[in-house]
Amino acid sequence: MKMVKDPKKLNKHLYPLIKAWSKKDKSVEKTNAGGGWHSPTDMNFKDEYKPLVDELFAMQGEVYKDYGMEPKPGLGNMWANINYPGAYNKQHMHPNSMWSGVYYVKVPKNSGSLFVEDPRPGPNILLPRRLNDLPRALWRVVVYPAIEGQMIMFPSWLSHGVEINESKEKGEKGWRVSVSFNFIQINKEGNVG
Ligand SMILES: [Fe+2]
């Protein structure tokens, strides 16, 4: 989890572009539900989104250092999401990728958080009745509140979803706007692998 250098500036740049794109291209049906808009997944090839792509590569570079990965990451695909009030994202994983994540452009109050589920089958089978106030290490589902300007990256095999947008704001004030992406691994020859 990390904030970009200048969230206000970046989001002021991104929001009108994504809004205009959503009027132009039809939604792609993926994990979006409840009427949300999912852009085509070629966002990383569009020059106007380079400022965000640069931030994503900088953070992914830090992940590579932390996890001892080498030689370098490649951005497999990237797309924008608009969750209008009532929209959400079904629980899912991102197959054929290494690291996935999200960047938040616009987050109205109560517009839904990202949640991730314990990936271990054992603890998901044995669910004893327990206290409500469990220590962090025993949580089965962890919710990460969405924060404008924040990037979150997680392993692509981690099952996750986005809660329903319950914003009471009218019109575009209630839109929750984010960008999702998948990083792959590039080998020394510059190919995927
Ligand atoms: Fe996802």
# chains A, B, ... in the order shown; residues from 1 in each chain; ligands from 1
>>> select_by_dssp(residues="stretch 13-188 of chain A", states="strand (DSSP E)", output="JSON, numbers by chain")
{"A": [32, 33, 37, 38, 72, 73, 74, 75, 76, 77, 78, 79, 80, 81, 82, 83, 88, 89, 90, 91, 92, 99, 100, 101, 102, 103, 104, 105, 106, 114, 115, 116, 117, 141, 142, 143, 144, 150, 151, 152, 153, 154, 155, 160, 161, 162, 176, 177, 178, 179, 180, 181, 182, 183, 184, 185, 186]}
>>> residues_near_ligand(ligand="ligand 1", cutoff="8 Å", atoms="only C-alpha atoms and all ligand atoms", output="tab-separated table (two decimals) with N, CA and C atoms, in the first residue's frame")
chain	number	residue	atom	x	y	z
A	31	THR	N	-15.80	-8.79	-13.66
A	31	THR	CA	-16.30	-9.02	-12.29
A	31	THR	C	-17.30	-7.95	-11.89
A	89	ASN	N	-18.04	-5.44	-7.19
A	89	ASN	CA	-17.26	-6.42	-7.96
A	89	ASN	C	-17.29	-7.76	-7.25
A	91	GLN	N	-16.41	-11.53	-6.03
A	91	GLN	CA	-15.14	-12.06	-5.54
A	91	GLN	C	-14.44	-12.85	-6.66
A	92	HIS	N	-13.14	-12.66	-6.80
A	92	HIS	CA	-12.42	-13.27	-7.92
A	92	HIS	C	-10.91	-13.28	-7.66
A	93	MET	N	-10.17	-13.94	-8.56
A	93	MET	CA	-8.71	-13.89	-8.59
A	93	MET	C	-8.29	-13.43	-9.97
A	94	HIS	N	-7.01	-13.19	-10.21
A	94	HIS	CA	-6.56	-12.75	-11.53
A	94	HIS	C	-5.62	-13.80	-12.12
A	100	SER	N	-1.32	-8.17	-8.80
A	100	SER	CA	-2.45	-7.36	-9.26
A	100	SER	C	-2.68	-6.24	-8.26
A	101	GLY	N	-3.58	-5.34	-8.61
A	101	GLY	CA	-3.82	-4.26	-7.66
A	101	GLY	C	-4.80	-3.24	-8.16
A	102	VAL	N	-4.87	-2.16	-7.38
A	102	VAL	CA	-5.84	-1.10	-7.66
A	102	VAL	C	-5.25	0.26	-7.31
A	160	HIS	N	-10.39	-11.80	-3.91
A	160	HIS	CA	-10.83	-10.48	-3.41
A	160	HIS	C	-12.09	-10.02	-4.14
A	161	GLY	N	-12.66	-8.96	-3.65
A	161	GLY	CA	-13.84	-8.36	-4.27
A	161	GLY	C	-14.01	-6.93	-3.78
A	180	SER	N	-7.57	-0.78	-12.19
A	180	SER	CA	-7.00	-2.08	-11.79
A	180	SER	C	-5.95	-2.51	-12.81
>>> closest_atom_pairs(of="stretch 19-48 of chain A", to="stretch 165-176 of chain A", cutoff="10 Å", atoms="only C-alpha atoms", output="Markdown table")
| residue | atom | partner | partner_atom | distance |
| --- | --- | --- | --- | --- |
| A:Lys19 | CA | A:Glu172 | CA | 9.3 |
| A:Gly34 | CA | A:Asn165 | CA | 9.3 |
| A:Gly36 | CA | A:Arg176 | CA | 9.5 |
>>> residues_around(residues="stretch 1-17 of chain A", least_positions_apart="4", cutoff="12 Å", atoms="only C-alpha atoms", output="compact mmCIF listing (two decimals) with N, CA and C atoms, in the first residue's frame")
# COMPACT_ATOMS: atom_id res chain seq x y z
N TRP A 21 -14.07 8.34 -21.50
CA TRP A 21 -13.91 6.98 -22.04
C TRP A 21 -15.18 6.16 -21.77
N SER A 22 -15.75 6.33 -20.59
CA SER A 22 -16.94 5.55 -20.21
C SER A 22 -18.17 5.93 -21.06
N LYS A 23 -18.14 7.14 -21.61
CA LYS A 23 -19.27 7.55 -22.48
C LYS A 23 -19.07 6.98 -23.89
N LYS A 24 -17.81 6.71 -24.23
CA LYS A 24 -17.47 6.30 -25.58
C LYS A 24 -17.52 4.77 -25.78
N SER A 39 -13.78 -0.74 -18.22
CA SER A 39 -13.23 -0.32 -19.52
C SER A 39 -12.59 -1.51 -20.23
N MET A 43 -5.66 -0.12 -21.31
CA MET A 43 -5.40 1.22 -20.77
C MET A 43 -3.90 1.54 -20.70
N LYS A 46 -2.28 3.38 -23.68
CA LYS A 46 -2.74 4.72 -24.03
C LYS A 46 -1.82 5.75 -23.37
N ASP A 47 -1.23 6.63 -24.20
CA ASP A 47 -0.23 7.60 -23.73
C ASP A 47 -0.71 8.47 -22.58
N GLU A 48 -2.00 8.82 -22.61
CA GLU A 48 -2.50 9.77 -21.60
C GLU A 48 -2.49 9.20 -20.17
N TYR A 49 -2.31 7.89 -20.04
CA TYR A 49 -2.29 7.31 -18.69
C TYR A 49 -0.88 7.03 -18.20
N LYS A 50 0.12 7.51 -18.95
CA LYS A 50 1.52 7.24 -18.57
C LYS A 50 1.88 7.72 -17.15
N PRO A 51 1.37 8.89 -16.72
CA PRO A 51 1.72 9.31 -15.34
C PRO A 51 1.34 8.27 -14.29
N LEU A 52 0.23 7.59 -14.47
CA LEU A 52 -0.16 6.54 -13.52
C LEU A 52 0.69 5.29 -13.73
N VAL A 53 0.92 4.93 -14.98
CA VAL A 53 1.74 3.74 -15.27
C VAL A 53 3.13 3.89 -14.62
N ASP A 54 3.71 5.09 -14.69
CA ASP A 54 5.03 5.32 -14.07
C ASP A 54 4.99 5.08 -12.56
N GLU A 55 3.92 5.56 -11.92
CA GLU A 55 3.78 5.36 -10.46
C GLU A 55 3.65 3.86 -10.14
N LEU A 56 2.89 3.15 -10.97
CA LEU A 56 2.70 1.71 -10.73
C LEU A 56 4.02 0.95 -10.86
N PHE A 57 4.80 1.30 -11.88
CA PHE A 57 6.09 0.63 -12.06
C PHE A 57 7.03 0.93 -10.89
N ALA A 58 6.98 2.17 -10.38
CA ALA A 58 7.85 2.51 -9.25
C ALA A 58 7.51 1.64 -8.04
N MET A 59 6.21 1.48 -7.77
CA MET A 59 5.82 0.66 -6.61
C MET A 59 6.12 -0.82 -6.86
N GLN A 60 5.85 -1.28 -8.08
CA GLN A 60 6.12 -2.69 -8.39
C GLN A 60 7.62 -2.98 -8.27
N GLU A 62 9.56 -1.68 -6.05
CA GLU A 62 9.79 -1.87 -4.61
C GLU A 62 9.36 -3.28 -4.18
N VAL A 63 8.22 -3.73 -4.75
CA VAL A 63 7.75 -5.09 -4.44
C VAL A 63 8.81 -6.10 -4.89
N ALA A 80 -10.00 0.66 -16.29
CA ALA A 80 -10.67 1.57 -15.35
C ALA A 80 -12.01 0.97 -14.94
N ASN A 81 -12.43 1.30 -13.74
CA ASN A 81 -13.72 0.84 -13.22
C ASN A 81 -14.51 2.04 -12.72
N ILE A 82 -15.78 2.10 -13.09
CA ILE A 82 -16.68 3.07 -12.44
C ILE A 82 -17.79 2.27 -11.78
N GLY A 101 -3.58 -5.34 -8.61
CA GLY A 101 -3.82 -4.26 -7.66
C GLY A 101 -4.80 -3.24 -8.16
N VAL A 102 -4.87 -2.16 -7.38
CA VAL A 102 -5.84 -1.10 -7.66
C VAL A 102 -5.25 0.26 -7.31
N TYR A 103 -5.70 1.27 -8.04
CA TYR A 103 -5.38 2.66 -7.72
C TYR A 103 -6.70 3.42 -7.64
N TYR A 104 -6.83 4.28 -6.61
CA TYR A 104 -8.11 4.97 -6.41
C TYR A 104 -8.10 6.41 -6.93
N VAL A 105 -9.03 6.67 -7.86
CA VAL A 105 -9.15 8.00 -8.47
C VAL A 105 -10.19 8.84 -7.73
N LYS A 106 -11.30 8.23 -7.39
CA LYS A 106 -12.41 9.00 -6.77
C LYS A 106 -13.18 8.06 -5.85
N VAL A 107 -13.28 8.45 -4.58
CA VAL A 107 -13.91 7.57 -3.60
C VAL A 107 -14.91 8.34 -2.74
N TYR A 144 -9.95 -3.38 3.26
CA TYR A 144 -9.07 -2.23 3.11
C TYR A 144 -9.89 -1.04 2.61
N PRO A 145 -10.11 -0.04 3.44
CA PRO A 145 -10.88 1.12 2.98
C PRO A 145 -10.20 1.77 1.77
N ALA A 146 -11.00 2.20 0.81
CA ALA A 146 -10.45 2.85 -0.39
C ALA A 146 -10.07 4.29 -0.05
N ILE A 147 -8.89 4.69 -0.48
CA ILE A 147 -8.39 6.05 -0.21
C ILE A 147 -7.91 6.66 -1.52
N GLU A 148 -8.44 7.83 -1.87
CA GLU A 148 -8.03 8.47 -3.13
C GLU A 148 -6.52 8.68 -3.15
N GLY A 149 -5.88 8.29 -4.25
CA GLY A 149 -4.44 8.49 -4.38
C GLY A 149 -3.61 7.31 -3.90
N GLN A 150 -4.29 6.28 -3.38
CA GLN A 150 -3.54 5.12 -2.87
C GLN A 150 -3.47 3.98 -3.90
N MET A 151 -2.30 3.33 -3.95
CA MET A 151 -2.12 2.12 -4.76
C MET A 151 -2.04 0.95 -3.79
N ILE A 152 -2.70 -0.15 -4.14
CA ILE A 152 -2.59 -1.38 -3.36
C ILE A 152 -2.17 -2.49 -4.32
N MET A 153 -1.16 -3.27 -3.94
CA MET A 153 -0.74 -4.41 -4.77
C MET A 153 -0.77 -5.67 -3.93
N PHE A 154 -1.20 -6.77 -4.56
CA PHE A 154 -1.29 -8.05 -3.86
C PHE A 154 -1.03 -9.18 -4.85
N GLU A 172 -22.76 12.10 -10.71
CA GLU A 172 -21.38 11.61 -10.71
C GLU A 172 -20.67 11.78 -9.37
N LYS A 173 -21.25 12.58 -8.48
CA LYS A 173 -20.67 12.72 -7.13
C LYS A 173 -20.65 11.37 -6.40
N TRP A 175 -20.08 8.45 -7.93
CA TRP A 175 -19.30 7.46 -8.67
C TRP A 175 -18.02 7.10 -7.91
N ARG A 176 -17.74 5.79 -7.84
CA ARG A 176 -16.46 5.33 -7.28
C ARG A 176 -15.59 4.94 -8.47
N VAL A 177 -14.46 5.61 -8.63
CA VAL A 177 -13.63 5.39 -9.82
C VAL A 177 -12.27 4.84 -9.40
N SER A 178 -11.87 3.74 -10.02
CA SER A 178 -10.58 3.14 -9.70
C SER A 178 -9.95 2.58 -10.97
N VAL A 179 -8.68 2.24 -10.87
CA VAL A 179 -7.97 1.61 -11.99
C VAL A 179 -7.37 0.32 -11.46
>>> closest_residue(among="A:Pro73, A:Met98, A:Leu158, A:Ala20", to="A:Gly61", atoms="only C-alpha atoms")
A:Pro73
>>> closest_residue(among="A:Val141, A:Ile184, A:Leu131, A:Ala33", to="A:Asp118", atoms="only C-alpha atoms")
A:Val141
>>> residues_around(residues="A:Tyr88", least_positions_apart="6", cutoff="6 Å", atoms="only C-alpha atoms", output="compact mmCIF listing (two decimals) with all heavy atoms, in the first residue's frame")
# COMPACT_ATOMS: atom_id res chain seq x y z
N ALA A 33 -20.52 -5.87 -11.39
CA ALA A 33 -21.92 -6.27 -11.23
C ALA A 33 -22.71 -5.07 -10.71
O ALA A 33 -22.11 -4.10 -10.22
CB ALA A 33 -22.01 -7.43 -10.25
N VAL A 162 -15.04 -6.26 -4.31
CA VAL A 162 -15.32 -4.88 -3.87
C VAL A 162 -16.76 -4.81 -3.40
O VAL A 162 -17.68 -5.27 -4.10
CB VAL A 162 -15.08 -3.87 -5.02
CG1 VAL A 162 -15.40 -2.45 -4.55
CG2 VAL A 162 -13.65 -3.95 -5.52
N GLU A 163 -16.94 -4.25 -2.21
CA GLU A 163 -18.29 -4.11 -1.64
C GLU A 163 -19.17 -3.20 -2.49
O GLU A 163 -18.67 -2.39 -3.28
CB GLU A 163 -18.19 -3.50 -0.23
CG GLU A 163 -17.42 -4.34 0.75
CD GLU A 163 -17.12 -3.57 2.03
OE1 GLU A 163 -17.13 -2.31 2.01
OE2 GLU A 163 -16.86 -4.22 3.04
N ILE A 164 -20.46 -3.28 -2.26
CA ILE A 164 -21.43 -2.47 -3.00
C ILE A 164 -21.25 -0.98 -2.69
O ILE A 164 -20.90 -0.60 -1.57
CB ILE A 164 -22.86 -2.96 -2.66
CG1 ILE A 164 -23.88 -2.37 -3.61
CG2 ILE A 164 -23.24 -2.70 -1.22
CD1 ILE A 164 -25.20 -3.13 -3.60
>>> atom_distance(atom1="atom CA of A:Pro40", atom2="atom CA of A:Asn83")
15.1 Å
